[in-house]
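Engineer: What follows is the file start-v5.pdb, containing PDB, C-alpha atoms:
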ATOM      1  CA  MET A   1     166.376 -26.569 -47.443
ATOM      2  CA  ALA A   2     169.425 -24.504 -48.308
ATOM      3  CA  ILE A   3     167.821 -23.448 -51.609
ATOM      4  CA  GLU A   4     164.600 -22.441 -49.856
ATOM      5  CA  GLU A   5     166.529 -20.406 -47.263
ATOM      6  CA  GLN A   6     168.467 -18.675 -50.050
ATOM      7  CA  LYS A   7     165.217 -17.733 -51.800
ATOM      8  CA  ASP A   8     163.786 -16.353 -48.554
ATOM      9  CA  LYS A   9     166.783 -13.981 -48.210
ATOM     10  CA  ARG A  10     166.000 -10.424 -49.156
ATOM     11  CA  ILE A  11     168.531  -7.879 -50.364
ATOM     12  CA  SER A  12     168.268  -4.782 -48.187
ATOM     13  CA  VAL A  13     168.515  -1.189 -49.421
ATOM     14  CA  PHE A  14     171.876  -0.848 -47.663
ATOM     15  CA  ASP A  15     173.235  -3.880 -49.525
ATOM     16  CA  ARG A  16     172.132  -2.388 -52.831
ATOM     17  CA  ILE A  17     173.763   0.959 -51.988
ATOM     18  CA  ILE A  18     177.006  -0.714 -50.928
ATOM     19  CA  GLY A  19     177.018  -2.730 -54.153
ATOM     20  CA  PHE A  20     176.535   0.418 -56.220
ATOM     21  CA  MET A  21     179.184   2.480 -54.411
ATOM     22  CA  PRO A  22     182.232   1.205 -56.398
ATOM     23  CA  LYS A  23     180.468   2.069 -59.667
ATOM     24  CA  PHE A  24     179.530   5.483 -58.318
ATOM     25  CA  TYR A  25     183.143   6.071 -57.252
ATOM     26  CA  VAL A  26     184.466   5.178 -60.723
ATOM     27  CA  ILE A  27     181.871   7.420 -62.409
ATOM     28  CA  GLY A  28     182.812  10.346 -60.145
ATOM     29  CA  THR A  29     186.533   9.804 -60.776
ATOM     30  CA  ILE A  30     185.962   9.746 -64.540
ATOM     31  CA  LEU A  31     183.913  12.962 -64.322
ATOM     32  CA  ILE A  32     186.711  14.710 -62.409
ATOM     33  CA  PHE A  33     189.276  13.814 -65.060
ATOM     34  CA  VAL A  34     186.837  14.647 -67.859
ATOM     35  CA  TYR A  35     186.449  18.086 -66.263
ATOM     36  CA  THR A  36     190.256  18.418 -66.300
ATOM     37  CA  LEU A  37     190.553  17.423 -69.962
ATOM     38  CA  VAL A  38     187.684  19.692 -71.031
ATOM     39  CA  ALA A  39     189.080  22.645 -69.067
ATOM     40  CA  MET A  40     192.548  22.137 -70.560
ATOM     41  CA  ALA A  41     191.070  21.747 -74.055
ATOM     42  CA  GLN A  42     189.131  24.992 -73.673
ATOM     43  CA  LEU A  43     192.245  26.729 -72.422
ATOM     44  CA  GLY A  44     194.206  25.373 -75.386
ATOM     45  CA  ILE A  45     191.545  26.519 -77.861
ATOM     46  CA  GLN A  46     191.506  30.005 -76.315
ATOM     47  CA  THR A  47     195.285  30.125 -76.525
ATOM     48  CA  LEU A  48     195.265  29.135 -80.206
ATOM     49  CA  LYS A  49     192.498  31.582 -81.114
ATOM     50  CA  LYS A  50     193.910  34.539 -79.210
ATOM     51  CA  PRO A  51     197.559  33.813 -78.412
ATOM     52  CA  GLU A  52     198.276  37.461 -77.688
ATOM     53  CA  GLU A  53     195.649  37.460 -74.913
ATOM     54  CA  ALA A  54     196.812  34.108 -73.509
ATOM     55  CA  VAL A  55     200.415  35.207 -73.336
ATOM     56  CA  GLY A  56     199.544  38.726 -72.290
ATOM     57  CA  PRO A  57     200.984  41.943 -73.600
ATOM     58  CA  ALA A  58     204.656  42.447 -72.944
ATOM     59  CA  THR A  59     205.075  45.315 -70.514
ATOM     60  CA  ASN A  60     208.751  46.024 -70.173
ATOM     61  CA  PRO A  61     209.353  48.219 -67.140
ATOM     62  CA  PRO A  62     211.714  51.149 -67.631
ATOM     63  CA  ILE A  63     215.130  50.861 -66.091
ATOM     64  CA  SER A  64     214.288  53.505 -63.487
ATOM     65  CA  GLN A  65     211.552  51.255 -62.139
ATOM     66  CA  GLY A  66     213.644  48.099 -62.187
ATOM     67  CA  PHE A  67     213.915  47.867 -58.416
ATOM     68  CA  GLU A  68     210.165  48.288 -57.954
ATOM     69  CA  ASN A  69     209.434  45.342 -60.242
ATOM     70  CA  THR A  70     211.169  42.736 -58.111
ATOM     71  CA  LEU A  71     211.772  39.150 -59.124
ATOM     72  CA  ILE A  72     209.288  38.039 -56.453
ATOM     73  CA  SER A  73     206.439  39.955 -58.092
ATOM     74  CA  LEU A  74     207.454  38.550 -61.477
ATOM     75  CA  ILE A  75     207.160  35.002 -60.080
ATOM     76  CA  ILE A  76     204.019  35.356 -58.005
ATOM     77  CA  GLU A  77     201.770  37.034 -60.566
ATOM     78  CA  PRO A  78     202.014  34.393 -63.333
ATOM     79  CA  ILE A  79     201.542  31.542 -60.827
ATOM     80  CA  VAL A  80     198.485  33.061 -59.157
ATOM     81  CA  THR A  81     196.862  34.101 -62.441
ATOM     82  CA  SER A  82     197.799  30.976 -64.421
ATOM     83  CA  GLU A  83     194.641  29.167 -65.528
ATOM     84  CA  PHE A  84     196.668  26.018 -66.225
ATOM     85  CA  TYR A  85     197.874  25.724 -62.610
ATOM     86  CA  GLN A  86     194.378  26.518 -61.326
ATOM     87  CA  ILE A  87     193.000  23.577 -63.325
ATOM     88  CA  ILE A  88     195.714  21.224 -61.966
ATOM     89  CA  PHE A  89     195.198  22.302 -58.352
ATOM     90  CA  ASN A  90     191.391  22.128 -58.647
ATOM     91  CA  THR A  91     191.657  18.577 -59.990
ATOM     92  CA  LEU A  92     193.970  17.451 -57.178
ATOM     93  CA  PHE A  93     191.733  19.004 -54.524
ATOM     94  CA  LEU A  94     188.515  17.533 -55.984
ATOM     95  CA  TYR A  95     190.074  14.070 -56.240
ATOM     96  CA  LEU A  96     191.358  14.155 -52.647
ATOM     97  CA  VAL A  97     187.904  15.181 -51.402
ATOM     98  CA  TRP A  98     186.288  12.463 -53.533
ATOM     99  CA  ILE A  99     188.602   9.811 -52.061
ATOM    100  CA  LEU A 100     187.882  10.980 -48.523
ATOM    101  CA  LEU A 101     184.115  10.852 -49.098
ATOM    102  CA  PHE A 102     184.317   7.196 -50.100
ATOM    103  CA  LEU A 103     186.532   6.385 -47.151
ATOM    104  CA  LEU A 104     183.984   7.940 -44.809
ATOM    105  CA  ALA A 105     180.873   6.555 -46.531
ATOM    106  CA  PRO A 106     181.104   2.963 -45.168
ATOM    107  CA  ILE A 107     180.790   4.271 -41.603
ATOM    108  CA  ALA A 108     177.180   5.185 -42.366
ATOM    109  CA  PHE A 109     176.375   1.476 -42.749
ATOM    110  CA  TYR A 110     176.343  -0.099 -39.309
ATOM    111  CA  ARG A 111     176.406  -3.615 -40.760
ATOM    112  CA  LEU A 112     180.129  -3.349 -41.426
ATOM    113  CA  LYS A 113     182.141  -5.144 -38.768
ATOM    114  CA  HIS A 114     185.594  -4.549 -40.236
ATOM    115  CA  PHE A 115     186.983  -1.561 -42.050
ATOM    116  CA  LYS A 116     190.453  -1.225 -43.597
ATOM    117  CA  PHE A 117     191.913   2.248 -44.075
ATOM    118  CA  PHE A 118     195.340   2.346 -45.762
ATOM    119  CA  ASN A 119     197.432  -0.040 -43.578
ATOM    120  CA  ILE A 120     195.130   0.113 -40.526
ATOM    121  CA  GLU A 121     192.402  -2.484 -39.960
ATOM    122  CA  ILE A 122     189.823  -1.788 -37.258
ATOM    123  CA  GLU A 123     186.581  -3.270 -35.928
ATOM    124  CA  ILE A 124     183.829  -0.694 -36.326
ATOM    125  CA  GLU A 125     181.479  -1.955 -33.622
ATOM    126  CA  LYS A 126     184.154  -2.228 -30.954
ATOM    127  CA  GLN A 127     186.418   0.709 -31.768
ATOM    128  CA  ASP A 128     184.268   3.619 -32.905
ATOM    129  CA  ALA A 129     186.652   6.029 -31.198
ATOM    130  CA  ALA A 130     189.579   4.607 -33.176
ATOM    131  CA  VAL A 131     187.664   5.088 -36.437
ATOM    132  CA  TYR A 132     186.965   8.704 -35.598
ATOM    133  CA  GLU A 133     190.624   9.273 -34.729
ATOM    134  CA  VAL A 134     191.853   7.771 -38.019
ATOM    135  CA  PHE A 135     189.536   9.870 -40.177
ATOM    136  CA  SER A 136     190.140  12.985 -38.126
ATOM    137  CA  MET A 137     193.867  12.554 -38.709
ATOM    138  CA  SER A 138     193.411  11.995 -42.445
ATOM    139  CA  SER A 139     191.191  15.074 -42.715
ATOM    140  CA  SER A 140     193.905  17.094 -40.989
ATOM    141  CA  LYS A 141     196.506  15.806 -43.446
ATOM    142  CA  MET A 142     194.254  16.976 -46.256
ATOM    143  CA  LYS A 143     194.422  20.464 -44.775
ATOM    144  CA  PHE A 144     198.170  20.480 -45.350
ATOM    145  CA  ALA A 145     197.653  19.287 -48.939
ATOM    146  CA  ALA A 146     195.210  22.173 -49.430
ATOM    147  CA  TYR A 147     197.790  24.553 -47.919
ATOM    148  CA  LEU A 148     200.270  23.530 -50.646
ATOM    149  CA  THR A 149     197.832  24.867 -53.270
ATOM    150  CA  SER A 150     196.991  28.080 -51.403
ATOM    151  CA  GLU A 151     198.021  31.582 -52.399
ATOM    152  CA  GLU A 152     199.722  31.998 -49.012
ATOM    153  CA  TYR A 153     202.052  29.088 -49.739
ATOM    154  CA  GLN A 154     202.697  30.321 -53.279
ATOM    155  CA  LEU A 155     203.904  33.648 -51.901
ATOM    156  CA  GLU A 156     206.072  32.007 -49.245
ATOM    157  CA  ILE A 157     207.725  29.434 -51.516
ATOM    158  CA  SER A 158     208.268  31.965 -54.308
ATOM    159  CA  GLU A 159     210.175  34.167 -51.886
ATOM    160  CA  GLU A 160     212.266  31.199 -50.700
ATOM    161  CA  ILE A 161     213.152  30.296 -54.294
ATOM    162  CA  ALA A 162     213.966  33.910 -55.178
ATOM    163  CA  ASN A 163     216.278  34.239 -52.161
ATOM    164  CA  SER A 164     218.069  30.911 -52.616
ATOM    165  CA  LYS A 165     217.832  30.255 -56.389
ATOM    166  CA  ASP A 166     218.074  26.488 -55.774
ATOM    167  CA  PHE A 167     215.686  23.550 -55.268
ATOM    168  CA  LYS A 168     216.869  22.222 -51.924
ATOM    169  CA  THR A 169     216.199  25.369 -49.848
ATOM    170  CA  PRO A 170     212.438  25.615 -50.619
ATOM    171  CA  LEU A 171     212.179  21.834 -50.128
ATOM    172  CA  ILE A 172     213.713  22.154 -46.647
ATOM    173  CA  TYR A 173     211.377  25.068 -45.889
ATOM    174  CA  THR A 174     208.289  23.043 -46.883
ATOM    175  CA  LEU A 175     209.392  19.908 -45.031
ATOM    176  CA  ASP A 176     209.958  22.039 -41.925
ATOM    177  CA  CYS A 177     206.383  23.308 -42.328
ATOM    178  CA  ALA A 178     205.200  19.691 -42.593
ATOM    179  CA  VAL A 179     207.101  18.734 -39.422
ATOM    180  CA  ASP A 180     205.497  21.633 -37.526
ATOM    181  CA  PHE A 181     202.033  20.840 -38.930
ATOM    182  CA  TYR A 182     202.220  17.137 -38.021
ATOM    183  CA  SER A 183     203.465  17.996 -34.533
ATOM    184  CA  ASN A 184     200.984  20.796 -33.753
ATOM    185  CA  GLN A 185     197.870  19.513 -35.555
ATOM    186  CA  LEU A 186     198.260  15.724 -35.381
ATOM    187  CA  GLY A 187     200.536  15.115 -32.406
ATOM    188  CA  LEU A 188     202.868  13.137 -34.682
ATOM    189  CA  SER A 189     206.605  13.574 -35.008
ATOM    190  CA  PHE A 190     209.150  12.703 -37.670
ATOM    191  CA  THR A 191     212.523  13.902 -38.887
ATOM    192  CA  TYR A 192     213.906  14.010 -42.397
ATOM    193  CA  ASP A 193     217.142  14.014 -44.380
ATOM    194  CA  ILE A 194     217.788  15.028 -47.974
ATOM    195  CA  TYR A 195     220.616  13.111 -49.642
ATOM    196  CA  THR A 196     222.206  13.170 -53.036
ATOM    197  CA  LEU A 197     222.203   9.694 -54.575
ATOM    198  CA  ASN A 198     225.885   9.146 -53.684
ATOM    199  CA  GLN A 199     225.344  10.394 -50.123
ATOM    200  CA  PHE A 200     222.404   8.017 -49.688
ATOM    201  CA  LYS A 201     224.477   5.026 -50.790
ATOM    202  CA  LYS A 202     227.175   5.942 -48.257
ATOM    203  CA  ALA A 203     224.772   6.841 -45.418
ATOM    204  CA  LYS A 204     224.541   4.687 -42.291
ATOM    205  CA  LEU A 205     221.053   3.329 -42.916
ATOM    206  CA  PRO A 206     219.645  -0.224 -42.555
ATOM    207  CA  LYS A 207     220.198  -2.409 -45.614
ATOM    208  CA  SER A 208     216.453  -3.012 -45.870
ATOM    209  CA  ILE A 209     215.940   0.744 -46.301
ATOM    210  CA  LYS A 210     218.659   1.082 -48.926
ATOM    211  CA  SER A 211     217.125  -1.817 -50.840
ATOM    212  CA  MET A 212     213.918   0.216 -51.184
ATOM    213  CA  LEU A 213     215.775   2.688 -53.422
ATOM    214  CA  ASP A 214     215.507   0.472 -56.517
ATOM    215  CA  LYS A 215     211.745   0.208 -56.102
ATOM    216  CA  SER A 216     211.389   3.971 -55.738
ATOM    217  CA  ILE A 217     213.530   4.514 -58.854
ATOM    218  CA  GLN A 218     211.487   2.009 -60.897
ATOM    219  CA  THR A 219     208.030   3.183 -59.807
ATOM    220  CA  GLY A 220     208.774   6.878 -59.307
ATOM    221  CA  ASP A 221     206.773   6.715 -56.063
ATOM    222  CA  PRO A 222     207.807   6.933 -52.402
ATOM    223  CA  CYS A 223     208.241   3.661 -50.486
ATOM    224  CA  ILE A 224     207.256   2.852 -46.899
ATOM    225  CA  SER A 225     208.877   0.568 -44.337
ATOM    226  CA  ASN A 226     207.032   0.428 -40.997
ATOM    227  CA  LYS A 227     208.390  -1.730 -38.185
ATOM    228  CA  SER A 228     206.258  -4.642 -36.973
ATOM    229  CA  ASN A 229     204.949  -5.089 -33.431
ATOM    230  CA  SER A 230     207.702  -7.594 -32.727
ATOM    231  CA  ASP A 231     210.447  -5.115 -33.613
ATOM    232  CA  SER A 232     212.344  -3.209 -30.961
ATOM    233  CA  GLU A 233     211.096   0.240 -29.985
ATOM    234  CA  TYR A 234     214.491   1.513 -31.077
ATOM    235  CA  TYR A 235     213.739   0.610 -34.696
ATOM    236  CA  LYS A 236     212.421   3.347 -36.946
ATOM    237  CA  ASN A 237     209.664   3.692 -39.527
ATOM    238  CA  PHE A 238     210.880   5.029 -42.872
ATOM    239  CA  LEU A 239     209.412   6.773 -45.920
ATOM    240  CA  ILE A 240     211.843   7.359 -48.803
ATOM    241  CA  HIS A 241     211.428   9.035 -52.184
ATOM    242  CA  TYR A 242     213.896   9.173 -55.084
ATOM    243  CA  TYR A 243     213.627  11.975 -57.639
ATOM    244  CA  GLU A 244     215.705  13.673 -60.317
ATOM    245  CA  ASN A 245     215.827  17.269 -61.531
ATOM    246  CA  MET A 246     218.242  19.547 -63.320
ATOM    247  CA  GLU A 247     220.280  19.946 -60.110
ATOM    248  CA  GLY A 248     220.936  16.207 -59.757
ATOM    249  CA  LYS A 249     219.597  13.003 -58.223
ATOM    250  CA  PHE A 250     218.201  13.147 -54.693
ATOM    251  CA  VAL A 251     216.617  10.929 -52.047
ATOM    252  CA  THR A 252     214.355  12.329 -49.319
ATOM    253  CA  VAL A 253     214.128  10.112 -46.212
ATOM    254  CA  LEU A 254     211.474  10.611 -43.525
ATOM    255  CA  ASN A 255     211.876   8.594 -40.331
ATOM    256  CA  SER A 256     210.180   8.254 -36.956
ATOM    257  CA  TYR A 257     210.285   5.993 -33.910
ATOM    258  CA  GLN A 258     206.536   6.266 -33.245
ATOM    259  CA  THR A 259     204.729   7.618 -36.324
ATOM    260  CA  GLU A 260     203.659   4.983 -38.855
ATOM    261  CA  PHE A 261     203.630   6.284 -42.411
ATOM    262  CA  ASP A 262     200.683   5.464 -44.680
ATOM    263  CA  THR A 263     199.583   5.834 -48.301
ATOM    264  CA  PHE A 264     198.386   9.365 -47.697
ATOM    265  CA  ASP A 265     201.874  10.350 -46.490
ATOM    266  CA  LYS A 266     203.338   8.854 -49.679
ATOM    267  CA  SER A 267     201.017  10.918 -51.870
ATOM    268  CA  LEU A 268     201.612  14.048 -49.810
ATOM    269  CA  LEU A 269     205.408  13.772 -50.115
ATOM    270  CA  LYS A 270     205.229  13.285 -53.878
ATOM    271  CA  ILE A 271     202.774  16.180 -54.361
ATOM    272  CA  LEU A 272     204.927  18.390 -52.140
ATOM    273  CA  GLN A 273     208.078  17.828 -54.184
ATOM    274  CA  ASN A 274     206.291  18.157 -57.538
ATOM    275  CA  VAL A 275     204.675  21.468 -56.541
ATOM    276  CA  ILE A 276     208.005  22.895 -55.353
ATOM    277  CA  TYR A 277     209.765  21.834 -58.554
ATOM    278  CA  ASP A 278     207.042  23.426 -60.709
ATOM    279  CA  TYR A 279     207.554  26.743 -58.889
ATOM    280  CA  TYR A 280     211.316  26.301 -59.152
ATOM    281  CA  LEU A 281     211.196  25.805 -62.932
ATOM    282  CA  GLN A 282     208.857  28.752 -63.368
ATOM    283  CA  TYR A 283     211.194  30.954 -61.357
ATOM    284  CA  HIS A 284     214.177  30.031 -63.547
ATOM    285  CA  TYR A 285     212.151  30.631 -66.706
ATOM    286  CA  ILE A 286     211.103  34.114 -65.547
ATOM    287  CA  TYR A 287     214.528  34.913 -64.103
ATOM    288  CA  ASP A 288     216.314  33.992 -67.347
ATOM    289  CA  ALA A 289     213.768  35.945 -69.379
ATOM    290  CA  SER A 290     214.180  39.045 -67.186
ATOM    291  CA  GLU A 291     217.982  38.813 -67.435
ATOM    292  CA  LYS A 292     217.830  38.676 -71.240
ATOM    293  CA  LEU A 293     215.446  41.621 -71.235
ATOM    294  CA  GLU A 294     217.798  43.695 -69.079
ATOM    295  CA  LYS A 295     220.772  42.830 -71.301
ATOM    296  CA  ASN A 296     218.852  43.808 -74.438
ATOM    297  CA  GLU A 297     217.793  47.105 -72.877
ATOM    298  CA  THR A 298     221.377  47.820 -71.779
ATOM    299  CA  ILE A 299     222.675  47.123 -75.302
ATOM    300  CA  SER A 300     219.980  49.297 -76.895
ATOM    301  CA  HIS A 301     220.756  52.200 -74.524
ATOM    302  CA  ASN A 302     224.500  51.913 -75.202
ATOM    303  CA  ASN A 303     223.844  52.033 -78.947
TER     304      ASN A 303
END
Show me the file's structure as structure tokens.
Structural biologist:
Amino acid sequence: MAIEEQKDKRISVFDRIIGFMPKFYVIGTILIFVYTLVAMAQLGIQTLKKPEEAVGPATNPPISQGFENTLISLIIEPIVTSEFYQIIFNTLFLYLVWILLFLLAPIAFYRLKHFKFFNIEIEIEKQDAAVYEVFSMSSSKMKFAAYLTSEEYQLEISEEIANSKDFKTPLIYTLDCAVDFYSNQLGLSFTYDIYTLNQFKKAKLPKSIKSMLDKSIQTGDPCISNKSNSDSEYYKNFLIHYYENMEGKFVTVLNSYQTEFDTFDKSLLKILQNVIYDYYLQYHYIYDASEKLEKNETISHNN
């Protein structure tokens, strides 16, 4: 009887689509990264064929116009016009959109009774409003990720770097923007601290949080510690990220009594710090080059 019942079962169109979705997701992901590799290869070939066009003609401003050609304009122009950065940002944006599409797609199939999104598990049939809220919040977080790749942010962060000439100041500026965005757009609140490695080891933090440092160092990714339902309301949720640069070793710690951090927050924090450091390095490269140029011009005029 069991065999006969199994034979009588028919595979619906929805079942076939759901079965094909993982393959379709992998194919799309491969195509996105193929696009990135092809675009970078084409850019590399163009650079090798016509290096003078790729680098651009050197236009040394006269000394009388030195104040008009500010350091800010020297930073902003190469970032905005850089084809390499455009390829990187396009890839990140396409991949984030692709992920979101496949997180939203299962909602179209009413047969699903359970759906797990990051660290949240919900029952679709009973909590449709909760599903909408989760995806609405994730879509809003994507808006902040898109803001990090916008020309507006490039102008703002370039000015912060030019005024401070360090890494920590633009990081504080961007984290403040994130705090305001989460509060105004999502109704979520969190605070943050930026420690040097030695300061973090001496800080008054729970031992369980300090133990997460080794994992962040080994993986290079942020780590999350959300309190359980049985924990006191006075406990905090934490998101920490260890990173190194030419200014030293640092640990960024996000914490909140109410907001639970998820995988998207981890990715956002890592992207945020990588983008800032790329701008920071580019600033120092241009700043050092402009200083050498001014010194050479001064020497030539003295001679």
Engineer: Enumerate, as a PDB file with C-alpha atoms, in the frame of the given file, the residues matched when the PyMOL selection byres ((chain A and resi 278-281) around 8) is run on the file above.
Structural biologist:
ATOM      1  CA  ILE A  79     201.542  31.542 -60.827  1.00  0.00           C
ATOM      2  CA  ILE A 157     207.725  29.434 -51.516  1.00  0.00           C
ATOM      3  CA  SER A 158     208.268  31.965 -54.308  1.00  0.00           C
ATOM      4  CA  ILE A 161     213.152  30.296 -54.294  1.00  0.00           C
ATOM      5  CA  ASP A 166     218.074  26.488 -55.774  1.00  0.00           C
ATOM      6  CA  PHE A 167     215.686  23.550 -55.268  1.00  0.00           C
ATOM      7  CA  ASN A 274     206.291  18.157 -57.538  1.00  0.00           C
ATOM      8  CA  VAL A 275     204.675  21.468 -56.541  1.00  0.00           C
ATOM      9  CA  ILE A 276     208.005  22.895 -55.353  1.00  0.00           C
ATOM     10  CA  TYR A 277     209.765  21.834 -58.554  1.00  0.00           C
ATOM     11  CA  GLN A 282     208.857  28.752 -63.368  1.00  0.00           C
ATOM     12  CA  TYR A 283     211.194  30.954 -61.357  1.00  0.00           C
ATOM     13  CA  HIS A 284     214.177  30.031 -63.547  1.00  0.00           C
ATOM     14  CA  TYR A 285     212.151  30.631 -66.706  1.00  0.00           C
TER      15      TYR A 285
END
Engineer: On this structure, the PyMOL selection byres ((chain A and resi 226) around 9) would catch which residues? List them as a list in words, sorted by chain and number.
Structural biologist: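 Here the PyMOL selection byres ((chain A and resi 226) around 9) matches Ile224, Ser225, Lys227, Ser228, Lys236, Asn237, Phe238, Leu239, Thr259, Glu260, Phe261 and Asp262 of chain A.
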Engineer: Applying the PyMOL selection byres ((chain A and resi 244) around 12) to the file I just gave you, which residues come out? Please list them as a list in words.
Structural biologist: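 Here the PyMOL selection byres ((chain A and resi 244) around 12) matches Phe167, Tyr195, Thr196, Leu197, Ser216, Ile217, Gly220, His241, Tyr242, Tyr243, Asn245, Met246, Glu247, Gly248, Lys249, Phe250, Val251, Thr252, Gln273, Asn274 and Tyr277 of chain A.
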Engineer: Measuring atom to atom with only C-alpha atoms, identify which of A:Ala39, A:Met142, A:Val34, A:Leu171 is nearest to Asp265 in chain A.
Structural biologist: A:Met142
Engineer: For CA of Tyr25 in chain A and CA of Ser139 in chain A, quote the distance in Å rounded to one decimal.
Structural biologist: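 These two atoms are separated by 18.9 Å.
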Engineer: What does the structure give for the distance between CA of Ser267 in chain A and CA of Asn90 in chain A, in Å to one decimal?
Structural biologist: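 Going from CA of Ser267 in chain A over to CA of Asn90 in chain A covers 16.3 Å.
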